[in-house]
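S.K.: What follows is the file structure19.cif, containing mmCIF, C-alpha atoms:
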data_coords
loop_
_atom_site.label_atom_id
_atom_site.label_comp_id
_atom_site.auth_asym_id
_atom_site.auth_seq_id
_atom_site.Cartn_x
_atom_site.Cartn_y
_atom_site.Cartn_z
CA MET D 20 -14.22 -35.97 -3.84
CA PHE D 21 -14.50 -32.18 -3.74
CA LYS D 22 -12.05 -29.59 -2.43
CA TYR D 23 -12.79 -26.38 -0.52
CA LEU D 24 -11.04 -23.37 -2.08
CA ARG D 25 -12.02 -20.13 -0.36
CA SER D 26 -14.87 -18.00 1.02
CA GLU D 27 -15.98 -14.39 0.86
CA ALA D 28 -18.77 -12.33 2.38
CA LEU D 29 -20.30 -9.84 -0.03
CA PRO D 30 -22.98 -7.20 0.57
CA LEU D 31 -26.27 -8.00 -1.12
CA THR D 32 -26.59 -5.97 -4.27
CA LYS D 33 -28.90 -6.23 -7.22
CA GLN D 34 -25.95 -7.21 -9.41
CA LEU D 35 -24.81 -10.00 -7.06
CA VAL D 36 -28.34 -11.35 -6.69
CA GLU D 37 -28.95 -11.41 -10.44
CA ARG D 38 -25.57 -13.01 -11.07
CA PHE D 39 -26.38 -15.84 -8.67
CA ALA D 40 -29.99 -16.24 -9.75
CA ASN D 41 -28.90 -16.60 -13.39
CA MET D 42 -25.76 -18.64 -12.80
CA ARG D 43 -25.35 -21.99 -14.52
CA ALA D 44 -26.97 -24.54 -12.24
CA SER D 45 -25.18 -27.68 -11.15
CA PRO D 46 -26.74 -30.80 -12.70
CA THR D 47 -27.35 -31.92 -9.11
CA GLU D 48 -29.53 -28.91 -8.26
CA ARG D 49 -33.09 -29.46 -7.07
CA GLU D 50 -36.01 -28.49 -9.27
CA LEU D 51 -37.28 -25.02 -8.48
CA ASP D 52 -40.00 -25.22 -5.83
CA LEU D 53 -42.21 -22.14 -5.88
CA LYS D 54 -43.45 -22.96 -2.38
CA ARG D 55 -39.89 -22.63 -1.08
CA VAL D 56 -39.52 -19.31 -2.85
CA LYS D 57 -42.80 -18.12 -1.31
CA HIS D 58 -41.69 -19.31 2.12
CA LEU D 59 -38.49 -17.28 1.85
CA ARG D 60 -40.41 -14.25 0.63
CA THR D 61 -42.64 -14.46 3.71
CA LYS D 62 -39.53 -14.50 5.90
CA ALA D 63 -38.21 -11.47 4.02
CA ASP D 64 -41.48 -9.60 4.53
CA HIS D 65 -41.30 -10.26 8.28
CA GLY D 66 -37.64 -9.33 8.67
CA LEU D 67 -36.54 -12.87 9.52
CA LEU D 68 -33.82 -13.40 6.93
CA LEU D 69 -30.30 -14.36 7.98
CA PRO D 70 -27.10 -13.93 5.95
CA PHE D 71 -27.25 -16.30 3.01
CA GLN D 72 -25.03 -19.34 2.53
CA TRP D 73 -24.34 -19.64 -1.18
CA ALA D 74 -21.85 -21.89 -2.89
CA ILE D 75 -20.11 -22.21 -6.24
CA ALA D 76 -18.32 -25.23 -7.65
CA LEU D 77 -15.63 -24.99 -10.30
CA PHE D 78 -16.11 -27.94 -12.62
CA GLU D 79 -14.52 -28.47 -16.03
CA GLY D 80 -13.49 -24.83 -16.18
CA GLU D 81 -17.00 -23.46 -15.47
CA GLU D 82 -18.70 -21.98 -12.41
CA TYR D 83 -21.79 -23.82 -11.21
CA ARG D 84 -24.25 -22.73 -8.55
CA VAL D 85 -24.47 -25.55 -6.01
CA ASN D 86 -26.36 -23.80 -3.20
CA GLY D 87 -28.54 -20.71 -3.15
CA GLN D 88 -31.04 -21.26 -5.94
CA HIS D 89 -34.26 -20.49 -4.11
CA SER D 90 -32.96 -17.59 -2.02
CA SER D 91 -31.27 -15.83 -4.95
CA ILE D 92 -34.36 -16.19 -7.13
CA MET D 93 -36.54 -14.85 -4.33
CA LEU D 94 -34.24 -11.86 -3.87
CA SER D 95 -34.17 -11.21 -7.61
CA GLU D 96 -37.94 -10.78 -7.52
CA LEU D 97 -37.59 -7.88 -5.06
CA ASP D 98 -36.40 -5.69 -7.95
CA GLY D 99 -33.47 -4.25 -6.03
CA ASN D 100 -35.43 -3.59 -2.82
CA LEU D 101 -33.07 -5.81 -0.83
CA PRO D 102 -32.86 -6.24 2.94
CA ASP D 103 -30.51 -3.77 4.59
CA ASP D 104 -27.19 -4.88 6.09
CA LEU D 105 -27.37 -8.50 4.93
CA VAL D 106 -24.55 -10.31 3.19
CA ALA D 107 -24.09 -13.48 1.21
CA HIS D 108 -21.39 -15.86 2.42
CA ILE D 109 -20.12 -17.47 -0.76
CA ASP D 110 -18.00 -20.62 -0.58
CA TYR D 111 -15.97 -21.85 -3.55
CA PHE D 112 -15.20 -25.51 -4.20
CA GLN D 113 -13.39 -27.55 -6.80
CA ALA D 114 -15.18 -30.63 -8.15
CA ASP D 115 -13.13 -33.00 -10.28
CA ASP D 116 -15.99 -35.16 -11.51
CA ARG D 117 -19.78 -35.49 -11.43
CA GLN D 118 -19.71 -37.77 -8.41
CA SER D 119 -17.92 -34.99 -6.54
CA LEU D 120 -20.73 -32.61 -7.46
CA ALA D 121 -23.29 -35.03 -6.07
CA MET D 122 -21.37 -35.49 -2.83
CA LEU D 123 -20.98 -31.73 -2.45
CA PHE D 124 -24.73 -31.25 -2.98
CA ARG D 125 -25.43 -33.68 -0.17
CA GLN D 126 -23.54 -31.56 2.36
CA PHE D 127 -26.00 -28.66 2.26
CA ASP D 128 -29.09 -28.84 4.48
CA ASP D 129 -28.75 -32.59 5.03
CA ARG D 130 -31.72 -34.17 6.73
CA ARG D 131 -29.91 -35.19 9.91
CA SER D 132 -28.79 -31.60 10.53
CA SER D 133 -32.08 -29.83 9.80
CA ARG D 134 -34.19 -28.41 12.61
CA SER D 135 -37.05 -30.80 13.36
CA SER D 136 -40.37 -29.93 14.98
CA ALA D 137 -39.00 -31.48 18.16
CA ASP D 138 -36.00 -29.12 18.02
CA ILE D 139 -38.27 -26.09 17.56
CA ALA D 140 -40.52 -27.17 20.42
CA ALA D 141 -37.50 -27.70 22.66
CA ALA D 142 -36.20 -24.22 21.83
CA TYR D 143 -39.43 -22.55 22.97
CA GLN D 144 -39.70 -24.79 26.04
CA GLY D 145 -36.12 -24.01 26.97
CA LEU D 146 -37.05 -20.35 27.46
CA GLN D 147 -39.41 -21.27 30.32
CA THR D 148 -37.63 -21.79 33.64
CA ALA D 149 -40.77 -23.33 35.13
CA LEU D 150 -40.55 -26.17 32.60
CA LYS D 151 -36.88 -27.04 33.05
CA ASP D 152 -37.71 -30.41 34.64
CA VAL D 153 -40.25 -31.40 31.99
CA PRO D 154 -38.68 -33.81 29.47
CA ARG D 155 -38.64 -32.19 26.05
CA LYS D 156 -40.56 -35.07 24.47
CA ILE D 157 -43.35 -34.66 27.04
CA GLY D 158 -43.43 -30.90 26.60
CA LYS D 159 -43.89 -31.21 22.84
CA LEU D 160 -46.55 -33.89 23.28
CA GLY D 161 -48.42 -31.64 25.68
CA ILE D 162 -48.43 -28.66 23.33
CA ASP D 163 -49.45 -30.83 20.37
CA ALA D 164 -52.35 -32.10 22.48
CA VAL D 165 -53.42 -28.64 23.61
CA ALA D 166 -53.30 -27.42 20.00
CA TRP D 167 -55.48 -30.33 18.87
CA TYR D 168 -57.95 -29.73 21.71
CA ASN D 169 -58.18 -25.99 21.02
CA ARG D 170 -58.74 -26.52 17.32
CA ASN D 171 -61.04 -29.55 17.31
CA VAL D 172 -62.94 -29.21 20.58
CA GLU D 173 -63.03 -25.51 21.34
CA GLY D 174 -62.97 -24.35 17.72
CA LEU D 175 -60.20 -21.87 18.49
CA PRO D 176 -57.61 -20.67 15.97
CA VAL D 177 -54.24 -22.34 16.37
CA ALA D 178 -50.97 -21.05 14.93
CA PRO D 179 -49.87 -23.13 11.94
CA GLY D 180 -46.90 -25.46 11.86
CA ASP D 181 -44.14 -24.97 14.38
CA ASP D 182 -45.53 -21.58 15.42
CA LYS D 183 -47.87 -23.44 17.77
CA TYR D 184 -44.92 -24.06 20.09
CA LYS D 185 -45.05 -20.40 21.06
CA MET D 186 -47.80 -21.66 23.39
CA PHE D 187 -45.01 -22.61 25.79
CA ASP D 188 -45.12 -18.90 26.68
CA ASP D 189 -48.63 -19.37 28.11
CA GLN D 190 -48.04 -19.71 31.84
CA ASN D 191 -51.56 -21.09 32.26
CA LEU D 192 -50.31 -24.29 30.61
CA HIS D 193 -47.28 -24.77 32.82
CA GLN D 194 -49.09 -26.55 35.65
CA PHE D 195 -50.59 -29.03 33.19
CA LEU D 196 -47.25 -29.69 31.48
CA CYS D 197 -45.47 -30.22 34.79
CA TRP D 198 -48.16 -32.64 35.96
CA LEU D 199 -48.05 -34.44 32.61
CA ALA D 200 -44.33 -35.03 33.17
CA GLU D 201 -45.17 -36.62 36.53
CA LEU D 202 -47.90 -38.76 34.95
CA PHE D 203 -45.47 -40.05 32.34
CA ALA D 204 -42.51 -40.40 34.71
CA THR D 205 -42.99 -44.12 34.20
CA LYS D 206 -43.17 -44.97 30.52
CA VAL D 207 -46.79 -45.35 29.44
CA PRO D 208 -46.78 -45.64 25.62
CA GLU D 209 -50.48 -46.48 25.58
CA LEU D 210 -51.33 -42.94 26.69
CA MET D 211 -48.63 -40.98 24.92
CA ARG D 212 -50.60 -39.95 21.84
CA PRO D 213 -51.66 -36.36 21.13
CA THR D 214 -55.41 -36.99 21.08
CA ILE D 215 -55.32 -39.11 24.25
CA VAL D 216 -53.39 -36.31 25.95
CA ALA D 217 -55.95 -33.87 24.51
CA ALA D 218 -58.63 -35.78 26.44
CA ILE D 219 -56.43 -35.69 29.54
CA TYR D 220 -56.03 -31.93 29.10
CA GLY D 221 -59.75 -31.38 28.62
CA SER D 222 -60.56 -33.23 31.83
CA PHE D 223 -57.71 -31.47 33.64
CA LEU D 224 -59.43 -28.18 32.84
CA LYS D 225 -62.64 -29.42 34.46
CA THR D 226 -61.56 -30.75 37.83
CA ASP D 227 -58.62 -31.85 39.98
CA GLU D 228 -60.16 -35.34 39.93
CA ALA D 229 -58.53 -35.73 36.50
CA GLU D 230 -55.17 -36.33 38.19
CA THR D 231 -56.56 -39.28 40.15
CA PHE D 232 -58.32 -40.86 37.19
CA TRP D 233 -55.47 -40.59 34.70
CA THR D 234 -52.92 -41.74 37.24
CA SER D 235 -55.08 -44.83 37.67
CA VAL D 236 -55.22 -45.37 33.89
CA ALA D 237 -51.45 -44.99 33.62
CA ARG D 238 -51.01 -47.69 36.25
CA GLY D 239 -53.15 -50.16 34.33
CA GLY D 240 -56.55 -49.36 35.83
CA VAL D 241 -58.18 -50.36 39.09
CA GLU D 242 -56.93 -53.66 40.48
CA TYR D 243 -59.52 -56.45 40.57
CA ASP D 244 -62.10 -54.28 38.82
CA ASP D 245 -62.14 -55.19 35.15
CA ASN D 246 -65.18 -53.03 34.40
CA HIS D 247 -63.89 -49.83 35.95
CA PRO D 248 -63.58 -47.11 33.23
CA ALA D 249 -59.87 -46.65 34.00
CA THR D 250 -59.23 -50.37 33.58
CA LYS D 251 -61.30 -50.65 30.41
CA LEU D 252 -59.59 -47.64 28.87
CA TYR D 253 -56.11 -48.91 29.63
CA ASP D 254 -56.91 -52.38 28.28
CA TRP D 255 -58.43 -50.88 25.12
CA LEU D 256 -55.43 -48.65 24.45
CA LYS D 257 -53.01 -51.47 25.19
CA ALA D 258 -54.83 -53.76 22.74
CA LEU D 259 -54.75 -51.06 20.07
CA LYS D 260 -51.02 -50.64 20.54
CA GLY D 261 -50.51 -54.14 19.22
CA GLN D 262 -52.86 -53.73 16.24
CA LYS D 263 -50.87 -51.95 13.56
CA ASP D 264 -53.74 -52.06 11.09
CA ALA D 265 -56.47 -51.05 13.54
CA ASP D 266 -58.97 -48.72 11.85
CA ILE D 267 -58.78 -46.16 14.62
CA LYS D 268 -58.34 -42.49 13.76
CA PRO D 269 -56.95 -39.85 16.15
CA ALA D 270 -60.43 -38.49 16.87
CA ASN D 271 -61.58 -42.01 17.81
CA LEU D 272 -58.85 -42.19 20.43
CA PHE D 273 -60.02 -38.90 21.91
CA GLN D 274 -63.63 -40.09 21.83
CA GLY D 275 -62.84 -43.36 23.58
CA ALA D 276 -60.81 -41.64 26.28
CA VAL D 277 -63.56 -39.09 26.94
CA TYR D 278 -66.17 -41.87 27.04
CA ALA D 279 -64.24 -43.59 29.81
CA TRP D 280 -63.70 -40.32 31.69
CA ASN D 281 -67.38 -39.43 31.50
CA ALA D 282 -68.37 -42.86 32.78
CA HIS D 283 -65.99 -42.40 35.70
CA ARG D 284 -67.48 -39.02 36.57
CA LYS D 285 -70.97 -40.55 36.51
CA GLY D 286 -69.86 -43.45 38.72
CA LYS D 287 -70.72 -46.05 36.06
CA MET D 288 -69.01 -49.30 35.19
CA ILE D 289 -68.58 -50.09 31.48
CA SER D 290 -68.17 -53.26 29.45
CA THR D 291 -66.57 -51.69 26.39
CA ILE D 292 -65.13 -48.42 25.06
CA ARG D 293 -67.34 -46.52 22.64
CA TYR D 294 -65.38 -44.36 20.25
CA ASP D 295 -67.60 -43.65 17.24
CA THR D 296 -67.51 -39.97 16.19
CA LYS D 297 -70.37 -39.89 13.67
CA LYS D 298 -72.48 -37.76 16.01
CA GLY D 299 -69.59 -35.52 16.99
CA LEU D 300 -67.21 -35.50 19.91
CA HIS D 301 -68.49 -36.18 23.42
CA PRO D 302 -68.57 -33.15 25.74
CA ILE D 303 -66.13 -33.68 28.60
CA ALA D 304 -67.93 -34.17 31.91
CA GLU D 305 -67.05 -31.94 34.83
#
Produce structure tokens that represent the structure in this file.

M.R.:
Amino acid sequence: MFKYLRSEALPLTKQLVERFANMRASPTERELDLKRVKHLRTKADHGLLLPFQWAIALFEGEEYRVNGQHSSIMLSELDGNLPDDLVAHIDYFQADDRQSLAMLFRQFDDRRSSRSSADIAAAYQGLQTALKDVPRKIGKLGIDAVAWYNRNVEGLPVAPGDDKYKMFDDQNLHQFLCWLAELFATKVPELMRPTIVAAIYGSFLKTDEAETFWTSVARGGVEYDDNHPATKLYDWLKALKGQKDADIKPANLFQGAVYAWNAHRKGKMISTIRYDTKKGLHPIAE
């Protein structure tokens, strides 16, 4: 395999950066991805860089860069205008053969150790004492749903990527997220999709009656009333759950859920769920 030799922490200097950026690359190294370089440059511009973890492998009497390609190249493009007080932690390894180089490469940023969107969401939720009893999976689902609703229904700007989980800071959402945890206290996979929860959120904003209706849906609808909107919606979602190839897009799920909600608010019974979006999304009834 490979053998760890030693480590050192060195201040970032133009000479160190250029040395690493121009070092002989391990044959296992990834192709340069300019999007990764740009991503790191954005972090540099916003003061979000951490000390760098670089690595060198000694193989057949030569030094090879085995970690640090994108960060060192990004830093080299700063033309010496480097972040203050940052260092590079450089680890040295011995690789006896090419298979050792490949195994060493696999130890950096492996997929099982990387921060997922769920991890990021949980981090922001964890800062909110009021949400301590909300399961992390439900909290993330709720924010994903609110983001979809804001963007697609209200036409509001939504922070890109994982930045949307900063919405956990919005105390106006805490009541909804806590109630959502109660709604999903019993597992209801039929309802646990972002655009279905977006419809739940939209109706929750309109009236307290939303809690009664969606609790009924979560319990399978209204007993002995097959044409009640809550029953029809549950049956429709349950049927879709078993159709892996169903031609239903996320917006169709929202549309169908809102259709059932609107029928309920109008006191109407329904024979089917209408979910076509060609004429736009249904307004949510108050």

S.K.: Quick check, in Å to one decimal: how far apart do CA of Gln72 in chain D and CA of Ile109 in chain D lie?

M.R.: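 Between these atoms lies a distance of 6.2 Å.
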
S.K.: Could you work out how far CA of His58 in chain D lies from CA of Lys183 in chain D, giving the answer in Å with one decimal?

M.R.: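 For CA of Lys183 in chain D relative to CA of His58 in chain D, the distance reads 17.3 Å.
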
S.K.: Output the residue selection produced by the PyMOL selection byres ((chain D and resi 231-234) around 8) on the file above, formatted as a VMD selection string.

M.R.: chain D and resid 202 219 227 to 230 235 to 238 249 280 283

S.K.: Within 12 Å of range 164-176 of chain D, counting only C-alpha atoms, which residues show up once you throw out same-chain ones fewer than 5 positions away? Write them as a ChimeraX atom specification, please.

M.R.: /D:157-159,181-187,189,191-193,195-196,199,210-224,269-270,273-274,277,299-303

S.K.: Using C-alpha atoms, can you export the residues from the last selection as a compact mmCIF listing (two decimals), keeping the file's coordinate frame?

M.R.:
# COMPACT_ATOMS: atom_id res chain seq x y z
CA ILE D 157 -43.35 -34.66 27.04
CA GLY D 158 -43.43 -30.90 26.60
CA LYS D 159 -43.89 -31.21 22.84
CA ASP D 181 -44.14 -24.97 14.38
CA ASP D 182 -45.53 -21.58 15.42
CA LYS D 183 -47.87 -23.44 17.77
CA TYR D 184 -44.92 -24.06 20.09
CA LYS D 185 -45.05 -20.40 21.06
CA MET D 186 -47.80 -21.66 23.39
CA PHE D 187 -45.01 -22.61 25.79
CA ASP D 189 -48.63 -19.37 28.11
CA ASN D 191 -51.56 -21.09 32.26
CA LEU D 192 -50.31 -24.29 30.61
CA HIS D 193 -47.28 -24.77 32.82
CA PHE D 195 -50.59 -29.03 33.19
CA LEU D 196 -47.25 -29.69 31.48
CA LEU D 199 -48.05 -34.44 32.61
CA LEU D 210 -51.33 -42.94 26.69
CA MET D 211 -48.63 -40.98 24.92
CA ARG D 212 -50.60 -39.95 21.84
CA PRO D 213 -51.66 -36.36 21.13
CA THR D 214 -55.41 -36.99 21.08
CA ILE D 215 -55.32 -39.11 24.25
CA VAL D 216 -53.39 -36.31 25.95
CA ALA D 217 -55.95 -33.87 24.51
CA ALA D 218 -58.63 -35.78 26.44
CA ILE D 219 -56.43 -35.69 29.54
CA TYR D 220 -56.03 -31.93 29.10
CA GLY D 221 -59.75 -31.38 28.62
CA SER D 222 -60.56 -33.23 31.83
CA PHE D 223 -57.71 -31.47 33.64
CA LEU D 224 -59.43 -28.18 32.84
CA PRO D 269 -56.95 -39.85 16.15
CA ALA D 270 -60.43 -38.49 16.87
CA PHE D 273 -60.02 -38.90 21.91
CA GLN D 274 -63.63 -40.09 21.83
CA VAL D 277 -63.56 -39.09 26.94
CA GLY D 299 -69.59 -35.52 16.99
CA LEU D 300 -67.21 -35.50 19.91
CA HIS D 301 -68.49 -36.18 23.42
CA PRO D 302 -68.57 -33.15 25.74
CA ILE D 303 -66.13 -33.68 28.60

S.K.: Pick the closest to Tyr111 in chain D from D:Ser26, D:Ser90, D:Thr47, D:Ser132: which is it, counting all atoms listed in the file?

M.R.: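 Among D:Ser26, D:Ser90, D:Thr47, D:Ser132, it is D:Ser26 that comes nearest to Tyr111 in chain D.
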
S.K.: Find the residues with any atom within 12 Å of (-33.9, -13.0, 9.1); use only C-alpha atoms and the coordinates as given in the file, and write the answer as an mmCIF file with C-alpha atoms, keeping the file's coordinate frame.

M.R.:
data_model
loop_
_atom_site.group_PDB
_atom_site.id
_atom_site.type_symbol
_atom_site.label_atom_id
_atom_site.label_comp_id
_atom_site.auth_asym_id
_atom_site.auth_seq_id
_atom_site.Cartn_x
_atom_site.Cartn_y
_atom_site.Cartn_z
ATOM 1 C CA LEU D 59 -38.490 -17.280 1.850
ATOM 2 C CA ARG D 60 -40.410 -14.250 0.630
ATOM 3 C CA THR D 61 -42.640 -14.460 3.710
ATOM 4 C CA LYS D 62 -39.530 -14.500 5.900
ATOM 5 C CA ALA D 63 -38.210 -11.470 4.020
ATOM 6 C CA ASP D 64 -41.480 -9.600 4.530
ATOM 7 C CA HIS D 65 -41.300 -10.260 8.280
ATOM 8 C CA GLY D 66 -37.640 -9.330 8.670
ATOM 9 C CA LEU D 67 -36.540 -12.870 9.520
ATOM 10 C CA LEU D 68 -33.820 -13.400 6.930
ATOM 11 C CA LEU D 69 -30.300 -14.360 7.980
ATOM 12 C CA PRO D 70 -27.100 -13.930 5.950
ATOM 13 C CA PHE D 71 -27.250 -16.300 3.010
ATOM 14 C CA PRO D 102 -32.860 -6.240 2.940
ATOM 15 C CA ASP D 103 -30.510 -3.770 4.590
ATOM 16 C CA ASP D 104 -27.190 -4.880 6.090
ATOM 17 C CA LEU D 105 -27.370 -8.500 4.930
ATOM 18 C CA VAL D 106 -24.550 -10.310 3.190
#

S.K.: Got a sec: who's within 8 Å of Ser45 in chain D, counting only C-alpha atoms, leaving out chain neighbours fewer than 5 positions off, as a list in words?

M.R.: Tyr83, Arg84, Val85 and Leu120 of chain D

S.K.: Hey, can you pull every residue with an atom no more than 12 Å from (-68.8, -42.4, 33.1), using all atoms listed in the file, and send it as an MDAnalysis selection string?

M.R.: chainID D and resid 232 246:249 251:252 275:293 301:305

S.K.: Identify which of the residues D:Gly161, D:Pro154, D:Pro46, D:Gly180 lies closest to Phe124 in chain D, counting only C-alpha atoms when measuring atom-to-atom distances.

M.R.: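 Among D:Gly161, D:Pro154, D:Pro46, D:Gly180, it is D:Pro46 that comes nearest to Phe124 in chain D.
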
S.K.: Find, counting only C-alpha atoms, the residue in D:Ala140, D:Trp198, D:Arg117, D:Leu24 that gets nearest to Asp152 in chain D.

M.R.: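 Smallest separation from Asp152 in chain D among the options: D:Trp198.
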
S.K.: What is the distance, in Å and to one decimal place, between CA of His108 in chain D and CA of Arg25 in chain D?

M.R.: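 If I compute the distance from CA of His108 in chain D to CA of Arg25 in chain D, I get 10.7 Å.
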
S.K.: Starting from the shown file, work through the PyMOL selection byres ((chain D and resi 28) around 6) and note down what comes out as JSON, numbers by chain.

M.R.: {"D": [27, 29, 107, 108]}

S.K.: Sort by chain and increasing residue number a table of all residues of range 55-165 of chain D within 7 Å of range 32-38 of chain D, each with its closest pair of atoms and their distance in Å to one decimal, counting all atoms listed in the file, and write it as CSV.

M.R.:
residue,atom,partner,partner_atom,distance
D:Ser91,CA,D:Val36,CA,5.6
D:Leu94,CA,D:Val36,CA,6.6
D:Ser95,CA,D:Val36,CA,5.9
D:Gly99,CA,D:Lys33,CA,5.1

S.K.: Those residues with C-alpha atoms, as a compact mmCIF listing (two decimals), in the frame of the given file please?

M.R.:
# COMPACT_ATOMS: atom_id res chain seq x y z
CA SER D 91 -31.27 -15.83 -4.95
CA LEU D 94 -34.24 -11.86 -3.87
CA SER D 95 -34.17 -11.21 -7.61
CA GLY D 99 -33.47 -4.25 -6.03

S.K.: With distances taken over all atoms listed in the file, which residue among D:Lys206, D:Arg49, D:Arg131, D:Lys268 lies nearest Tyr294 in chain D?

M.R.: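 Using all atoms listed in the file, the shortest distance to Tyr294 in chain D belongs to D:Lys268.
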
S.K.: Hey, which of D:Ile267, D:Glu82, D:Gly87, D:Asn41 ends up closest to Arg55 in chain D? Count only C-alpha atoms.

M.R.: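 Residue with the minimum atom-to-atom distance to Arg55 in chain D: D:Gly87.
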
S.K.: Given all atoms listed in the file as the basis, pick out the residue of D:Tyr243, D:Gln190, D:Lys260, D:Asp129 nearest to Leu146 in chain D.

M.R.: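 Using all atoms listed in the file, Leu146 in chain D sits closest to D:Gln190.
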